[in-house]
Amino acid sequence: MPRKRIPMEMTLQELALPAGFRARAVRREDKEALALLLFAAYRGTIDDEGDSFADALQEIERTYRSEYGRFLPGCSFAIEEGEFLVSACLVSFFEPHDAPLVIFLMTRPEAKRRGLGRRLLQRSMNALLDEGYGRLTLVVTDGNEPAQRLYASMGFVPLSKSVAEGERPI
């Protein structure tokens, strides 16, 4: 049975990041590290569709090829700890929403509950504002309670039905 996805949106506003927060823009050479992160982050969760590492690598390659909208690497960030990426936020410009879209917000299981995803999302939001964007959208799986709580706490609301169905907002 297919999972229900909930499209959400928010109006962007400048958000202060904690002093000392360090994230870097993703790079082309991060593809394999991002695939490892994606594979680890989704494994055993409601979003786990039984994909392999090769499938995760394909997803990251699709992202870089702009198959989910024009990839915005300057608004997509990652956090490194040691030799691994522990969290990342990947964003594209998604024509059907006429706005940027969070493609993936992912954190390794051992790094969860430290606020990394929230901070990366804030960093991406600030970068999008700097680029002149006013809205941000995403799609969350119904039942992914941690993600749904995070997004609601940051001001995301359900996307208007017409936009969610592919019509451009007025």
# chains A, B, ... in the order shown; residues from 1 in each chain; ligands from 1
call {"tool": "residues_around", "arguments": {"residues": "Ala88 (chain A)", "least_positions_apart": "4", "cutoff": "9 Å", "atoms": "only C-alpha atoms", "output": "list in words"}}
result
Ala23, Val26, Leu34, Leu37, Leu38, Ser76, Phe77, Ala78, Ile79, Phe104, Leu105, Met106, Thr107, Leu116, Gly117, Leu120 and Leu121 of chain A
call {"tool": "write_last_selection", "arguments": {"atoms": "C-alpha atoms", "output": "short mmCIF file (atom, residue, chain, number, x, y, z; two decimals), in the first residue's frame"}}
result
data_model
loop_
_atom_site.label_atom_id
_atom_site.label_comp_id
_atom_site.auth_asym_id
_atom_site.auth_seq_id
_atom_site.Cartn_x
_atom_site.Cartn_y
_atom_site.Cartn_z
CA ALA A 23 27.78 23.44 7.83
CA VAL A 26 27.34 20.26 -0.72
CA LEU A 34 25.38 11.63 0.47
CA LEU A 37 23.95 9.12 4.48
CA LEU A 38 20.63 8.62 2.67
CA SER A 76 21.98 22.67 0.11
CA PHE A 77 24.20 21.97 3.11
CA ALA A 78 25.89 19.13 4.95
CA ILE A 79 27.55 18.56 8.31
CA PHE A 104 16.04 15.29 1.37
CA LEU A 105 16.59 16.27 4.98
CA MET A 106 18.52 13.37 6.46
CA THR A 107 20.52 12.56 9.56
CA LEU A 116 21.24 18.97 13.17
CA GLY A 117 18.33 18.68 10.74
CA LEU A 120 20.58 22.62 8.32
CA LEU A 121 17.03 23.48 7.29
#
call {"tool": "select_by_dssp", "arguments": {"residues": "region 86-125 of chain A", "states": "strand (DSSP E or B)", "output": "ChimeraX atom specification"}}
result
/A:86-94,99-107
call {"tool": "select_by_dssp", "arguments": {"residues": "region 22-82 of chain A", "states": "helix (DSSP H, G or I)", "output": "number ranges by chain"}}
result
A: 28-42, 53-64, 73-75
call {"tool": "write_last_selection", "arguments": {"atoms": "C-alpha atoms", "output": "PDB file, in the first residue's frame"}}
result
ATOM      1  CA  ARG A  28      29.723  17.398  -6.613  1.00  0.00           C
ATOM      2  CA  GLU A  29      32.263  15.032  -5.033  1.00  0.00           C
ATOM      3  CA  ASP A  30      29.847  14.405  -2.116  1.00  0.00           C
ATOM      4  CA  LYS A  31      27.587  12.098  -4.143  1.00  0.00           C
ATOM      5  CA  GLU A  32      28.792   8.832  -2.618  1.00  0.00           C
ATOM      6  CA  ALA A  33      28.921  10.262   0.917  1.00  0.00           C
ATOM      7  CA  LEU A  34      25.381  11.631   0.472  1.00  0.00           C
ATOM      8  CA  ALA A  35      24.208   8.225  -0.768  1.00  0.00           C
ATOM      9  CA  LEU A  36      25.717   6.556   2.317  1.00  0.00           C
ATOM     10  CA  LEU A  37      23.951   9.122   4.484  1.00  0.00           C
ATOM     11  CA  LEU A  38      20.633   8.617   2.674  1.00  0.00           C
ATOM     12  CA  PHE A  39      20.909   4.839   2.985  1.00  0.00           C
ATOM     13  CA  ALA A  40      21.729   5.017   6.712  1.00  0.00           C
ATOM     14  CA  ALA A  41      19.169   7.717   7.529  1.00  0.00           C
ATOM     15  CA  TYR A  42      16.163   5.997   5.924  1.00  0.00           C
ATOM     16  CA  PHE A  53      23.002   1.572  -1.373  1.00  0.00           C
ATOM     17  CA  ALA A  54      22.981   1.484  -5.196  1.00  0.00           C
ATOM     18  CA  ASP A  55      19.385   2.766  -5.129  1.00  0.00           C
ATOM     19  CA  ALA A  56      20.389   5.554  -2.741  1.00  0.00           C
ATOM     20  CA  LEU A  57      23.260   6.512  -5.042  1.00  0.00           C
ATOM     21  CA  GLN A  58      20.814   6.646  -7.954  1.00  0.00           C
ATOM     22  CA  GLU A  59      18.563   8.995  -5.943  1.00  0.00           C
ATOM     23  CA  ILE A  60      21.478  11.333  -5.238  1.00  0.00           C
ATOM     24  CA  GLU A  61      22.547  11.239  -8.897  1.00  0.00           C
ATOM     25  CA  ARG A  62      18.956  12.086  -9.932  1.00  0.00           C
ATOM     26  CA  THR A  63      19.075  15.008  -7.513  1.00  0.00           C
ATOM     27  CA  TYR A  64      22.320  16.318  -9.011  1.00  0.00           C
ATOM     28  CA  PRO A  73      23.732  23.224  -4.406  1.00  0.00           C
ATOM     29  CA  GLY A  74      24.368  26.721  -3.010  1.00  0.00           C
ATOM     30  CA  CYS A  75      21.262  26.307  -0.821  1.00  0.00           C
TER      31      CYS A  75
END
call {"tool": "residues_around", "arguments": {"residues": "Ala152 (chain A)", "least_positions_apart": "3", "cutoff": "12 Å", "atoms": "only C-alpha atoms", "output": "list in words"}}
result
Ile6, Met8, Glu9, Met10, Arg118, Leu138, Val140, Glu145, Pro146, Ala147, Gln148, Arg149, Gly155, Phe156, Val157 and Pro158 of chain A
call {"tool": "atom_distance", "arguments": {"atom1": "CA of Gln13 (chain A)", "atom2": "CA of Val91 (chain A)"}}
result
16.5 Å
call {"tool": "decode", "arguments": {"residues": "region 80-158 of chain A", "atoms": "C-alpha atoms", "output": "PDB file, in the first residue's frame"}}
result
ATOM      1  CA  GLU A  80      30.676  16.426   8.509  1.00  0.00           C
ATOM      2  CA  GLU A  81      31.895  14.640  11.602  1.00  0.00           C
ATOM      3  CA  GLY A  82      35.074  12.693  11.156  1.00  0.00           C
ATOM      4  CA  GLU A  83      35.051  10.944   7.809  1.00  0.00           C
ATOM      5  CA  PHE A  84      31.250  10.893   7.384  1.00  0.00           C
ATOM      6  CA  LEU A  85      28.482  13.286   6.511  1.00  0.00           C
ATOM      7  CA  VAL A  86      26.115  13.021   9.478  1.00  0.00           C
ATOM      8  CA  SER A  87      23.329  15.260   8.222  1.00  0.00           C
ATOM      9  CA  ALA A  88      22.359  17.028   5.005  1.00  0.00           C
ATOM     10  CA  CYS A  89      19.604  19.153   3.496  1.00  0.00           C
ATOM     11  CA  LEU A  90      19.243  19.012  -0.303  1.00  0.00           C
ATOM     12  CA  VAL A  91      17.058  21.594  -2.058  1.00  0.00           C
ATOM     13  CA  SER A  92      15.855  22.101  -5.638  1.00  0.00           C
ATOM     14  CA  PHE A  93      13.602  24.577  -7.409  1.00  0.00           C
ATOM     15  CA  PHE A  94      10.422  22.598  -8.090  1.00  0.00           C
ATOM     16  CA  GLU A  95       8.368  24.055 -10.948  1.00  0.00           C
ATOM     17  CA  PRO A  96       5.005  22.487  -9.975  1.00  0.00           C
ATOM     18  CA  HIS A  97       5.183  24.305  -6.612  1.00  0.00           C
ATOM     19  CA  ASP A  98       6.776  27.412  -8.186  1.00  0.00           C
ATOM     20  CA  ALA A  99       9.111  27.362  -5.183  1.00  0.00           C
ATOM     21  CA  PRO A 100      12.154  25.608  -3.760  1.00  0.00           C
ATOM     22  CA  LEU A 101      11.578  22.069  -2.451  1.00  0.00           C
ATOM     23  CA  VAL A 102      13.438  20.168   0.265  1.00  0.00           C
ATOM     24  CA  ILE A 103      14.288  16.959  -1.583  1.00  0.00           C
ATOM     25  CA  PHE A 104      16.035  15.285   1.371  1.00  0.00           C
ATOM     26  CA  LEU A 105      16.587  16.275   4.981  1.00  0.00           C
ATOM     27  CA  MET A 106      18.519  13.373   6.463  1.00  0.00           C
ATOM     28  CA  THR A 107      20.524  12.560   9.562  1.00  0.00           C
ATOM     29  CA  ARG A 108      22.430   9.399  10.473  1.00  0.00           C
ATOM     30  CA  PRO A 109      20.620   7.464  13.240  1.00  0.00           C
ATOM     31  CA  GLU A 110      23.426   7.928  15.778  1.00  0.00           C
ATOM     32  CA  ALA A 111      23.337  11.713  15.262  1.00  0.00           C
ATOM     33  CA  LYS A 112      19.570  12.188  15.637  1.00  0.00           C
ATOM     34  CA  ARG A 113      17.987  14.329  18.355  1.00  0.00           C
ATOM     35  CA  ARG A 114      20.847  16.847  18.331  1.00  0.00           C
ATOM     36  CA  GLY A 115      19.050  19.492  16.249  1.00  0.00           C
ATOM     37  CA  LEU A 116      21.236  18.971  13.171  1.00  0.00           C
ATOM     38  CA  GLY A 117      18.325  18.675  10.738  1.00  0.00           C
ATOM     39  CA  ARG A 118      16.663  21.802  12.149  1.00  0.00           C
ATOM     40  CA  ARG A 119      19.882  23.811  11.856  1.00  0.00           C
ATOM     41  CA  LEU A 120      20.575  22.623   8.320  1.00  0.00           C
ATOM     42  CA  LEU A 121      17.035  23.477   7.294  1.00  0.00           C
ATOM     43  CA  GLN A 122      17.463  26.930   8.864  1.00  0.00           C
ATOM     44  CA  ARG A 123      20.765  27.368   6.986  1.00  0.00           C
ATOM     45  CA  SER A 124      19.092  26.389   3.710  1.00  0.00           C
ATOM     46  CA  MET A 125      16.192  28.762   4.410  1.00  0.00           C
ATOM     47  CA  ASN A 126      18.580  31.663   4.998  1.00  0.00           C
ATOM     48  CA  ALA A 127      20.461  30.866   1.782  1.00  0.00           C
ATOM     49  CA  LEU A 128      17.184  30.714  -0.150  1.00  0.00           C
ATOM     50  CA  LEU A 129      16.189  34.117   1.239  1.00  0.00           C
ATOM     51  CA  ASP A 130      19.573  35.483   0.166  1.00  0.00           C
ATOM     52  CA  GLU A 131      18.809  34.167  -3.348  1.00  0.00           C
ATOM     53  CA  GLY A 132      15.467  35.995  -3.400  1.00  0.00           C
ATOM     54  CA  TYR A 133      13.072  33.127  -2.734  1.00  0.00           C
ATOM     55  CA  GLY A 134      10.072  33.730  -0.473  1.00  0.00           C
ATOM     56  CA  ARG A 135       8.607  30.248   0.039  1.00  0.00           C
ATOM     57  CA  LEU A 136       9.869  26.741   0.727  1.00  0.00           C
ATOM     58  CA  THR A 137       8.002  23.485   0.188  1.00  0.00           C
ATOM     59  CA  LEU A 138       8.567  19.868   1.151  1.00  0.00           C
ATOM     60  CA  VAL A 139       6.758  16.553   1.218  1.00  0.00           C
ATOM     61  CA  VAL A 140       6.648  14.434   4.380  1.00  0.00           C
ATOM     62  CA  THR A 141       5.380  10.895   4.835  1.00  0.00           C
ATOM     63  CA  ASP A 142       2.219  10.747   6.926  1.00  0.00           C
ATOM     64  CA  GLY A 143       3.191   8.948  10.122  1.00  0.00           C
ATOM     65  CA  ASN A 144       6.783  10.241  10.189  1.00  0.00           C
ATOM     66  CA  GLU A 145       6.040  11.884  13.517  1.00  0.00           C
ATOM     67  CA  PRO A 146       9.522  13.316  14.244  1.00  0.00           C
ATOM     68  CA  ALA A 147       9.645  15.022  10.836  1.00  0.00           C
ATOM     69  CA  GLN A 148       6.058  16.234  11.059  1.00  0.00           C
ATOM     70  CA  ARG A 149       6.718  17.760  14.510  1.00  0.00           C
ATOM     71  CA  LEU A 150       9.914  19.426  13.276  1.00  0.00           C
ATOM     72  CA  TYR A 151       8.240  20.959  10.235  1.00  0.00           C
ATOM     73  CA  ALA A 152       5.194  22.157  12.174  1.00  0.00           C
ATOM     74  CA  SER A 153       7.439  23.724  14.838  1.00  0.00           C
ATOM     75  CA  MET A 154       9.258  25.636  12.100  1.00  0.00           C
ATOM     76  CA  GLY A 155       6.043  27.035  10.611  1.00  0.00           C
ATOM     77  CA  PHE A 156       5.299  24.641   7.748  1.00  0.00           C
ATOM     78  CA  VAL A 157       1.599  24.200   6.958  1.00  0.00           C
ATOM     79  CA  PRO A 158      -0.163  21.917   4.470  1.00  0.00           C
TER      80      PRO A 158
END
